[in-house]
Each structure stands twice: as structure tokens, then as C-alpha cells.
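Asks: Okay, so here is upload-v5.pdb, and as you'll see once you scroll down, it has PDB, C-alpha atoms, pLDDT in the B column.
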```
ATOM      1  CA  PRO A 188     -39.293  -1.555 -13.913  1.00 55.00           C
ATOM      2  CA  ARG A 189     -35.605  -2.345 -13.228  1.00 57.00           C
ATOM      3  CA  ALA A 190     -34.378  -0.136 -16.056  1.00 59.00           C
ATOM      4  CA  ARG A 191     -36.553   2.744 -14.825  1.00 58.00           C
ATOM      5  CA  LEU A 192     -35.241   2.254 -11.270  1.00 53.00           C
ATOM      6  CA  ALA A 193     -31.644   2.247 -12.517  1.00 54.00           C
ATOM      7  CA  ARG A 194     -32.238   5.451 -14.485  1.00 55.00           C
ATOM      8  CA  ASN A 195     -33.779   7.155 -11.438  1.00 53.00           C
ATOM      9  CA  ILE A 196     -30.859   6.118  -9.230  1.00 53.00           C
ATOM     10  CA  THR A 197     -28.251   7.372 -11.666  1.00 54.00           C
ATOM     11  CA  ARG A 198     -30.097  10.680 -12.054  1.00 55.00           C
ATOM     12  CA  SER A 199     -30.388  11.256  -8.300  1.00 57.00           C
ATOM     13  CA  ILE A 200     -26.676  10.721  -7.543  1.00 61.00           C
ATOM     14  CA  SER A 201     -24.292  13.042  -9.296  1.00 64.00           C
ATOM     15  CA  SER A 202     -20.543  12.596  -9.396  1.00 66.00           C
ATOM     16  CA  GLY A 203     -20.106  15.884  -7.530  1.00 72.00           C
ATOM     17  CA  ASP A 204     -22.178  14.552  -4.626  1.00 76.00           C
ATOM     18  CA  VAL A 205     -20.160  11.362  -4.474  1.00 76.00           C
ATOM     19  CA  LEU A 206     -16.877  13.281  -4.555  1.00 79.00           C
ATOM     20  CA  ARG A 207     -18.039  15.697  -1.852  1.00 79.00           C
ATOM     21  CA  GLN A 208     -19.173  12.856   0.442  1.00 79.00           C
ATOM     22  CA  THR A 209     -15.893  11.011  -0.085  1.00 79.00           C
ATOM     23  CA  VAL A 210     -13.810  14.066   0.750  1.00 79.00           C
ATOM     24  CA  LEU A 211     -15.940  14.777   3.811  1.00 78.00           C
ATOM     25  CA  ARG A 212     -15.430  11.211   5.037  1.00 77.00           C
ATOM     26  CA  ILE A 213     -11.662  11.439   4.533  1.00 78.00           C
ATOM     27  CA  PHE A 214     -11.382  14.678   6.514  1.00 78.00           C
ATOM     28  CA  ASP A 215     -13.935  13.864   9.209  1.00 78.00           C
ATOM     29  CA  SER A 216     -13.231  16.382  11.993  1.00 80.00           C
ATOM     30  CA  ALA A 217     -14.352  13.975  14.723  1.00 82.00           C
ATOM     31  CA  ILE A 218     -11.635  11.523  13.692  1.00 80.00           C
ATOM     32  CA  VAL A 219      -8.969  14.088  12.852  1.00 81.00           C
ATOM     33  CA  ARG A 220      -9.333  15.842  16.234  1.00 85.00           C
ATOM     34  CA  ASP A 221      -9.494  12.644  18.275  1.00 87.00           C
ATOM     35  CA  PRO A 222      -6.624  12.742  20.842  1.00 90.00           C
ATOM     36  CA  GLU A 223      -5.811   9.066  20.323  1.00 87.00           C
ATOM     37  CA  HIS A 224      -5.575   9.574  16.561  1.00 86.00           C
ATOM     38  CA  LEU A 225      -3.436  12.699  17.010  1.00 89.00           C
ATOM     39  CA  ALA A 226      -1.036  10.780  19.288  1.00 88.00           C
ATOM     40  CA  TRP A 227      -0.782   7.967  16.723  1.00 86.00           C
ATOM     41  CA  ALA A 228      -0.130  10.445  13.911  1.00 88.00           C
ATOM     42  CA  ALA A 229       2.522  12.293  15.947  1.00 91.00           C
ATOM     43  CA  ARG A 230       4.345   9.052  16.854  1.00 87.00           C
ATOM     44  CA  ASN A 231       4.415   7.833  13.285  1.00 87.00           C
ATOM     45  CA  TRP A 232       5.354  11.253  11.918  1.00 90.00           C
ATOM     46  CA  LEU A 233       8.312  11.364  14.308  1.00 91.00           C
ATOM     47  CA  ALA A 234       9.351   7.817  13.331  1.00 88.00           C
ATOM     48  CA  ILE A 235       9.255   8.654   9.622  1.00 88.00           C
ATOM     49  CA  CYS A 236      11.191  11.913  10.210  1.00 90.00           C
ATOM     50  CA  VAL A 237      13.915   9.991  12.077  1.00 90.00           C
ATOM     51  CA  ALA A 238      13.992   7.406   9.280  1.00 88.00           C
ATOM     52  CA  MET A 239      14.267  10.177   6.678  1.00 89.00           C
ATOM     53  CA  ALA A 240      17.122  11.804   8.622  1.00 90.00           C
ATOM     54  CA  LEU A 241      18.941   8.466   8.827  1.00 87.00           C
ATOM     55  CA  GLY A 242      18.400   7.973   5.120  1.00 86.00           C
ATOM     56  CA  CYS A 243      19.585  11.497   4.323  1.00 88.00           C
ATOM     57  CA  TRP A 244      22.822  11.372   6.292  1.00 89.00           C
ATOM     58  CA  GLY A 245      23.485   7.624   6.269  1.00 82.00           C
ATOM     59  CA  PHE A 246      24.968   5.571   9.066  1.00 78.00           C
ATOM     60  CA  SER A 247      28.484   4.161   8.894  1.00 76.00           C
ATOM     61  CA  THR A 248      28.752   1.618   6.084  1.00 74.00           C
ATOM     62  CA  VAL A 249      25.341   0.114   6.802  1.00 73.00           C
ATOM     63  CA  LEU A 250      23.185   2.880   5.345  1.00 77.00           C
ATOM     64  CA  ASN A 251      24.246   4.891   2.322  1.00 82.00           C
ATOM     65  CA  PRO A 252      23.525   8.624   2.381  1.00 87.00           C
ATOM     66  CA  TYR A 253      20.555   9.923   0.352  1.00 88.00           C
ATOM     67  CA  ASP A 254      18.622   6.647   0.550  1.00 84.00           C
ATOM     68  CA  ALA A 255      14.844   6.700   1.078  1.00 83.00           C
ATOM     69  CA  GLY A 256      14.621   2.963   1.740  1.00 82.00           C
ATOM     70  CA  ILE A 257      14.196   3.204   5.499  1.00 82.00           C
ATOM     71  CA  ALA A 258      11.431   5.800   5.315  1.00 84.00           C
ATOM     72  CA  SER A 259       9.563   3.803   2.661  1.00 81.00           C
ATOM     73  CA  VAL A 260       9.717   0.639   4.789  1.00 79.00           C
ATOM     74  CA  MET A 261       8.458   2.650   7.756  1.00 81.00           C
ATOM     75  CA  GLY A 262       5.529   3.764   5.621  1.00 79.00           C
ATOM     76  CA  LEU A 263       4.732   0.147   4.784  1.00 74.00           C
ATOM     77  CA  LEU A 264       4.807  -0.952   8.396  1.00 74.00           C
ATOM     78  CA  LEU A 265       2.500   1.746   9.792  1.00 78.00           C
ATOM     79  CA  ASN A 266      -0.335   0.063  11.590  1.00 74.00           C
ATOM     80  CA  LYS A 267      -3.220   1.292  13.693  1.00 76.00           C
ATOM     81  CA  ALA A 268      -4.260  -2.100  15.047  1.00 69.00           C
ATOM     82  CA  VAL A 269      -5.990  -2.362  18.393  1.00 62.00           C
ATOM     83  CA  GLY A 270      -5.084  -5.184  20.737  1.00 59.00           C
ATOM     84  CA  SER A 271      -2.534  -7.888  20.198  1.00 61.00           C
ATOM     85  CA  ALA A 272      -1.393  -7.818  16.607  1.00 70.00           C
ATOM     86  CA  MET A 273       1.901  -9.644  17.115  1.00 72.00           C
ATOM     87  CA  VAL A 274       1.345 -12.346  14.484  1.00 73.00           C
ATOM     88  CA  LYS A 275       0.128  -9.832  11.934  1.00 75.00           C
ATOM     89  CA  ASN A 276       3.077  -7.503  12.555  1.00 74.00           C
ATOM     90  CA  PHE A 277       5.594 -10.341  12.313  1.00 77.00           C
ATOM     91  CA  ALA A 278       4.030 -11.434   9.022  1.00 78.00           C
ATOM     92  CA  ARG A 279       4.236  -7.894   7.684  1.00 78.00           C
ATOM     93  CA  ILE A 280       7.881  -7.553   8.729  1.00 81.00           C
ATOM     94  CA  GLN A 281       8.671 -10.960   7.224  1.00 83.00           C
ATOM     95  CA  GLY A 282       7.073  -9.963   3.920  1.00 82.00           C
ATOM     96  CA  VAL A 283       8.926  -6.642   3.773  1.00 82.00           C
ATOM     97  CA  VAL A 284      12.302  -8.195   4.640  1.00 83.00           C
ATOM     98  CA  VAL A 285      11.981 -11.119   2.229  1.00 85.00           C
ATOM     99  CA  GLY A 286      10.683  -8.845  -0.539  1.00 84.00           C
ATOM    100  CA  THR A 287      13.569  -6.426  -0.021  1.00 83.00           C
ATOM    101  CA  VAL A 288      16.147  -9.220  -0.033  1.00 84.00           C
ATOM    102  CA  ILE A 289      14.704 -10.790  -3.195  1.00 86.00           C
ATOM    103  CA  GLY A 290      14.648  -7.395  -4.920  1.00 82.00           C
ATOM    104  CA  GLN A 291      18.226  -6.593  -3.952  1.00 82.00           C
ATOM    105  CA  MET A 292      19.469 -10.019  -5.039  1.00 85.00           C
ATOM    106  CA  ALA A 293      17.679  -9.797  -8.389  1.00 84.00           C
ATOM    107  CA  TYR A 294      19.011  -6.309  -9.024  1.00 82.00           C
ATOM    108  CA  SER A 295      22.598  -7.274  -8.166  1.00 82.00           C
ATOM    109  CA  ALA A 296      22.389 -10.360 -10.383  1.00 82.00           C
ATOM    110  CA  PHE A 297      20.856  -8.598 -13.393  1.00 81.00           C
ATOM    111  CA  SER A 298      22.029  -4.991 -13.029  1.00 77.00           C
ATOM    112  CA  HIS A 299      24.082  -4.897 -16.217  1.00 79.00           C
ATOM    113  CA  CYS A 300      22.656  -2.828 -19.051  1.00 79.00           C
ATOM    114  CA  THR A 301      22.538  -5.496 -21.726  1.00 86.00           C
ATOM    115  CA  GLU A 302      19.283  -6.573 -23.308  1.00 88.00           C
ATOM    116  CA  TYR A 303      19.548 -10.056 -21.804  1.00 88.00           C
ATOM    117  CA  HIS A 304      20.027  -8.767 -18.267  1.00 85.00           C
ATOM    118  CA  LEU A 305      17.157  -6.294 -18.591  1.00 85.00           C
ATOM    119  CA  ALA A 306      14.879  -9.038 -19.912  1.00 89.00           C
ATOM    120  CA  ALA A 307      15.927 -11.362 -17.079  1.00 87.00           C
ATOM    121  CA  LEU A 308      15.329  -8.613 -14.503  1.00 86.00           C
ATOM    122  CA  SER A 309      11.883  -7.919 -15.970  1.00 88.00           C
ATOM    123  CA  MET A 310      10.966 -11.613 -15.947  1.00 90.00           C
ATOM    124  CA  THR A 311      12.195 -11.970 -12.364  1.00 89.00           C
ATOM    125  CA  LEU A 312      10.133  -8.976 -11.285  1.00 87.00           C
ATOM    126  CA  PHE A 313       7.050 -10.339 -13.046  1.00 91.00           C
ATOM    127  CA  THR A 314       7.502 -13.833 -11.587  1.00 92.00           C
ATOM    128  CA  VAL A 315       8.046 -12.661  -8.009  1.00 88.00           C
ATOM    129  CA  THR A 316       5.075 -10.288  -8.205  1.00 89.00           C
ATOM    130  CA  ALA A 317       2.822 -12.954  -9.732  1.00 91.00           C
ATOM    131  CA  LEU A 318       3.783 -15.510  -7.076  1.00 90.00           C
ATOM    132  CA  SER A 319       3.304 -12.933  -4.319  1.00 89.00           C
ATOM    133  CA  PHE A 320      -0.166 -12.028  -5.562  1.00 89.00           C
ATOM    134  CA  PHE A 321      -1.007 -15.723  -5.911  1.00 90.00           C
ATOM    135  CA  MET A 322      -0.011 -16.195  -2.265  1.00 88.00           C
ATOM    136  CA  TYR A 323      -2.026 -13.119  -1.268  1.00 87.00           C
ATOM    137  CA  PHE A 324      -5.249 -14.111  -3.022  1.00 89.00           C
ATOM    138  CA  ASN A 325      -5.173 -17.881  -2.418  1.00 88.00           C
ATOM    139  CA  SER A 326      -3.887 -18.299   1.153  1.00 84.00           C
ATOM    140  CA  GLU A 327      -6.314 -19.457   3.781  1.00 85.00           C
ATOM    141  CA  ASN A 328      -4.031 -18.557   6.688  1.00 82.00           C
ATOM    142  CA  PRO A 329      -4.169 -14.782   7.363  1.00 76.00           C
ATOM    143  CA  MET A 330      -0.465 -14.711   8.188  1.00 78.00           C
ATOM    144  CA  TRP A 331       0.469 -15.777   4.647  1.00 82.00           C
ATOM    145  CA  VAL A 332      -1.972 -13.248   3.230  1.00 83.00           C
ATOM    146  CA  TYR A 333       0.016 -10.427   4.843  1.00 78.00           C
ATOM    147  CA  VAL A 334       3.330 -11.959   3.807  1.00 82.00           C
ATOM    148  CA  GLY A 335       2.151 -12.229   0.204  1.00 83.00           C
ATOM    149  CA  PHE A 336       0.859  -8.657   0.206  1.00 81.00           C
ATOM    150  CA  MET A 337       4.100  -7.234   1.575  1.00 80.00           C
ATOM    151  CA  LEU A 338       6.179  -9.348  -0.807  1.00 80.00           C
ATOM    152  CA  ALA A 339       4.383  -7.830  -3.763  1.00 76.00           C
TER     153      ALA A 339
END
```
Now, as a test, write the supplied structure out as C-alpha cells.
Replies:
Amino acid sequence: PRARLARNITRSISSGDVLRQTVLRIFDSAIVRDPEHLAWAARNWLAICVAMALGCWGFSTVLNPYDAGIASVMGLLLNKAVGSAMVKNFARIQGVVVGTVIGQMAYSAFSHCTEYHLAALSMTLFTVTALSFFMYFNSENPMWVYVGFMLA
């Protein structure tokens, strides 16, 4: 009976139906036209445009021109949380900052084009990513879960 039930279920649901339902849920007009959602999208669009302009033109000696780093960090920190999300936001910022610093330090230490430096850079990347995912999947405190996710 279970095999017959499984066959009937797989026959009744086609991949086209699943794809159509998924696309309809992504572009749900009730959510897309919601004024609160439109305000959130406009605010974040403006923030990313300003970050892209800063990255395009640079700023003094702090930001090099033609750098997409600021806009990519802005994309990571977008959040549509309701209520007080201070701890969660601080954990996300901490993970992004520490991950960026570790990446920049590893690149500056191993940026030479010899085989040994490339192997060391690859091992450093693997180790940091593995430790970050370990922190993400095995932390009981939600703050460290977000830090581990943003580190990776």
C-alpha cells in the first residue's frame, strides 16, 4: 500500500506545478504591494545605491575606488526583523567585521603567487570556513549562531 501511495503522489504532482507554485509564492502581489514592504525595499535600495556610489568613487584613502565591498556588506546586513533585534544585529555585524578582517589578513599574508602561498591561503580559507560552520551548527546560543553564519 505504501508503494502504491507513493506512486500516486508522484503522478499527481508534476515538476511544472511545483515550479509554478514556487514562482507564484515568490511574486505574491499581496506582499509585493504592501506599503510597509515597499518602504522597506525603498530604504534598502537607497542604502545599497549610496554604498555602490561610495564604492565606485572611493572616499579619501579609506575606500579605494571601484570597490564593491561596501555594497556587498550592506547586502549581508539587510534585515526585515520586527521588534527589538539589537542582539541579533550586533552578532551579525560582529560576524561580518571579524570575517572581513580575517579574510584581509589571510590574503595579505599569503598573497604571493608561489605554490606554497596559494596552498597556505587555500588551507586558511578551508580552516576558517570549517570552524565558522562548526560554530554555526553547534552553538546553543543564538548570538553565536549568527556570528558563525556571517563568519562563513
Asks: Can you measure atom CA of Leu264 of chain A to atom CA of Arg279 of chain A for me? One decimal in Å is fine.
Replies: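 Rounded to one decimal, the two atoms are 7.0 Å apart.
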Asks: I need the residue nearest Met322 of chain A from this list: A:Lys267, A:Gly335, A:Ala258, A:Arg220. Use all atoms listed in the file for the distance.
Replies: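 Among the listed residues, the smallest separation from Met322 of chain A belongs to A:Gly335.
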Asks: Tell me which protein, DNA and RNA residues are within 10 Å of segment 232-249 of chain A, counting all atoms listed in the file, leaving out same-chain ones fewer than 2 positions away, and put them as a list in words.
Replies: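 The residues that qualify are Ala226, Trp227, Ala228, Ala229, Arg230, Asn251, Pro252, Tyr253, Asp254, Ala255, Gly256, Ile257, Ala258, Ser259, Val260, Met261, Gly262 and Leu265 of chain A.
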Asks: Just how far from atom CA of Ser309 of chain A is atom CA of Ala278 of chain A, in Å to one decimal?
Replies: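 Calculated distance between atom CA of Ala278 of chain A and atom CA of Ser309 of chain A is 26.4 Å.
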Asks: When you draw a straight line from atom CA of Glu302 of chain A to atom CA of Ala317 of chain A, how long is it in Å?
Replies: 22.3 Å
Asks: What would the list of residues within 12 Å of (5.0, -13.6, -6.2) (file frame) look like as a ChimeraX atom specification, if all atoms listed in the file are what count?
Replies: /A:282,285-286,289-290,310-325,331-332,334-339
Asks: With the PyMOL selection byres ((chain A and resi 275) around 10) as the selection, what would be picked from this file? Answer as a list in words, please.
Replies: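 With the shown file as input, the PyMOL selection byres ((chain A and resi 275) around 10) matches Asn266, Ala268, Ser271, Ala272, Met273, Val274, Asn276, Phe277, Ala278, Arg279, Ile280, Gln281, Pro329, Met330, Trp331, Val332, Tyr333 and Val334 of chain A.
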Asks: Padding 3 Å on every side, please: axis-aligned box over the listed atoms of segment 233-251 of chain A, centre and edge lengths to one decimal in Å, as AutoDock Vina command-line options.
Replies:
```
--center_x 18.5 --center_y 6.0 --center_z 8.3 --size_x 26.4 --size_y 17.8 --size_z 18.0
```
Asks: Could you add whatever atoms are missing so that segment 325-336 of chain A carries all heavy atoms, then write the result as a compact mmCIF listing (two decimals), keeping the file's coordinate frame?
Replies:
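The result, written out as rebuild.txt:
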```
# COMPACT_ATOMS: atom_id res chain seq x y z
N ASN A 325 -4.77 -16.48 -2.58
CA ASN A 325 -5.17 -17.88 -2.42
C ASN A 325 -4.80 -18.49 -1.08
O ASN A 325 -5.05 -19.67 -0.87
CB ASN A 325 -4.58 -18.72 -3.54
CG ASN A 325 -5.15 -18.35 -4.88
OD1 ASN A 325 -6.36 -18.22 -5.02
ND2 ASN A 325 -4.30 -18.14 -5.85
N SER A 326 -4.24 -17.75 -0.16
CA SER A 326 -3.89 -18.30 1.15
C SER A 326 -5.10 -18.31 2.06
O SER A 326 -5.88 -17.35 2.08
CB SER A 326 -2.77 -17.49 1.80
OG SER A 326 -1.59 -17.59 1.07
N GLU A 327 -5.23 -19.38 2.81
CA GLU A 327 -6.31 -19.46 3.78
C GLU A 327 -5.87 -18.95 5.15
O GLU A 327 -6.68 -18.49 5.93
CB GLU A 327 -6.81 -20.89 3.89
CG GLU A 327 -7.49 -21.37 2.62
CD GLU A 327 -7.97 -22.79 2.73
OE1 GLU A 327 -7.98 -23.34 3.85
OE2 GLU A 327 -8.32 -23.36 1.69
N ASN A 328 -4.57 -19.04 5.43
CA ASN A 328 -4.03 -18.56 6.69
C ASN A 328 -3.78 -17.05 6.57
O ASN A 328 -3.08 -16.61 5.67
CB ASN A 328 -2.72 -19.29 6.99
CG ASN A 328 -2.19 -19.00 8.36
OD1 ASN A 328 -2.64 -18.07 9.03
ND2 ASN A 328 -1.23 -19.78 8.79
N PRO A 329 -4.35 -16.24 7.47
CA PRO A 329 -4.17 -14.78 7.36
C PRO A 329 -2.71 -14.34 7.43
O PRO A 329 -2.35 -13.32 6.85
CB PRO A 329 -4.95 -14.23 8.56
CG PRO A 329 -5.87 -15.31 8.98
CD PRO A 329 -5.25 -16.60 8.57
N MET A 330 -1.87 -15.10 8.11
CA MET A 330 -0.46 -14.71 8.19
C MET A 330 0.17 -14.71 6.80
O MET A 330 0.91 -13.79 6.44
CB MET A 330 0.31 -15.66 9.10
CG MET A 330 1.75 -15.23 9.30
SD MET A 330 2.67 -16.38 10.27
CE MET A 330 3.34 -17.42 9.01
N TRP A 331 -0.13 -15.70 5.99
CA TRP A 331 0.47 -15.78 4.65
C TRP A 331 -0.15 -14.76 3.71
O TRP A 331 0.47 -14.36 2.72
CB TRP A 331 0.36 -17.19 4.10
CG TRP A 331 1.19 -18.14 4.90
CD1 TRP A 331 0.73 -19.12 5.72
CD2 TRP A 331 2.62 -18.15 5.00
NE1 TRP A 331 1.80 -19.74 6.32
CE2 TRP A 331 2.97 -19.17 5.90
CE3 TRP A 331 3.63 -17.39 4.44
CZ2 TRP A 331 4.28 -19.45 6.23
CZ3 TRP A 331 4.94 -17.66 4.76
CH2 TRP A 331 5.25 -18.69 5.65
N VAL A 332 -1.36 -14.32 4.02
CA VAL A 332 -1.97 -13.25 3.23
C VAL A 332 -1.15 -11.97 3.38
O VAL A 332 -0.81 -11.31 2.40
CB VAL A 332 -3.44 -13.02 3.66
CG1 VAL A 332 -4.00 -11.77 3.05
CG2 VAL A 332 -4.29 -14.22 3.29
N TYR A 333 -0.79 -11.63 4.61
CA TYR A 333 0.02 -10.43 4.84
C TYR A 333 1.42 -10.56 4.26
O TYR A 333 1.96 -9.60 3.71
CB TYR A 333 0.10 -10.11 6.33
CG TYR A 333 -1.21 -9.67 6.90
CD1 TYR A 333 -1.89 -10.43 7.85
CD2 TYR A 333 -1.81 -8.49 6.48
CE1 TYR A 333 -3.10 -10.04 8.35
CE2 TYR A 333 -3.03 -8.09 6.98
CZ TYR A 333 -3.66 -8.86 7.91
OH TYR A 333 -4.87 -8.48 8.41
N VAL A 334 2.00 -11.75 4.39
CA VAL A 334 3.33 -11.96 3.81
C VAL A 334 3.27 -11.79 2.29
O VAL A 334 4.12 -11.10 1.70
CB VAL A 334 3.88 -13.36 4.18
CG1 VAL A 334 5.15 -13.67 3.41
CG2 VAL A 334 4.15 -13.45 5.67
N GLY A 335 2.28 -12.37 1.65
CA GLY A 335 2.15 -12.23 0.20
C GLY A 335 1.92 -10.79 -0.22
O GLY A 335 2.46 -10.33 -1.22
N PHE A 336 1.12 -10.05 0.55
CA PHE A 336 0.86 -8.66 0.21
C PHE A 336 2.12 -7.81 0.34
O PHE A 336 2.42 -7.00 -0.53
CB PHE A 336 -0.24 -8.10 1.13
CG PHE A 336 -0.57 -6.67 0.85
CD1 PHE A 336 -1.24 -6.33 -0.31
CD2 PHE A 336 -0.22 -5.68 1.73
CE1 PHE A 336 -1.56 -5.01 -0.57
CE2 PHE A 336 -0.54 -4.36 1.48
CZ PHE A 336 -1.21 -4.03 0.31
```
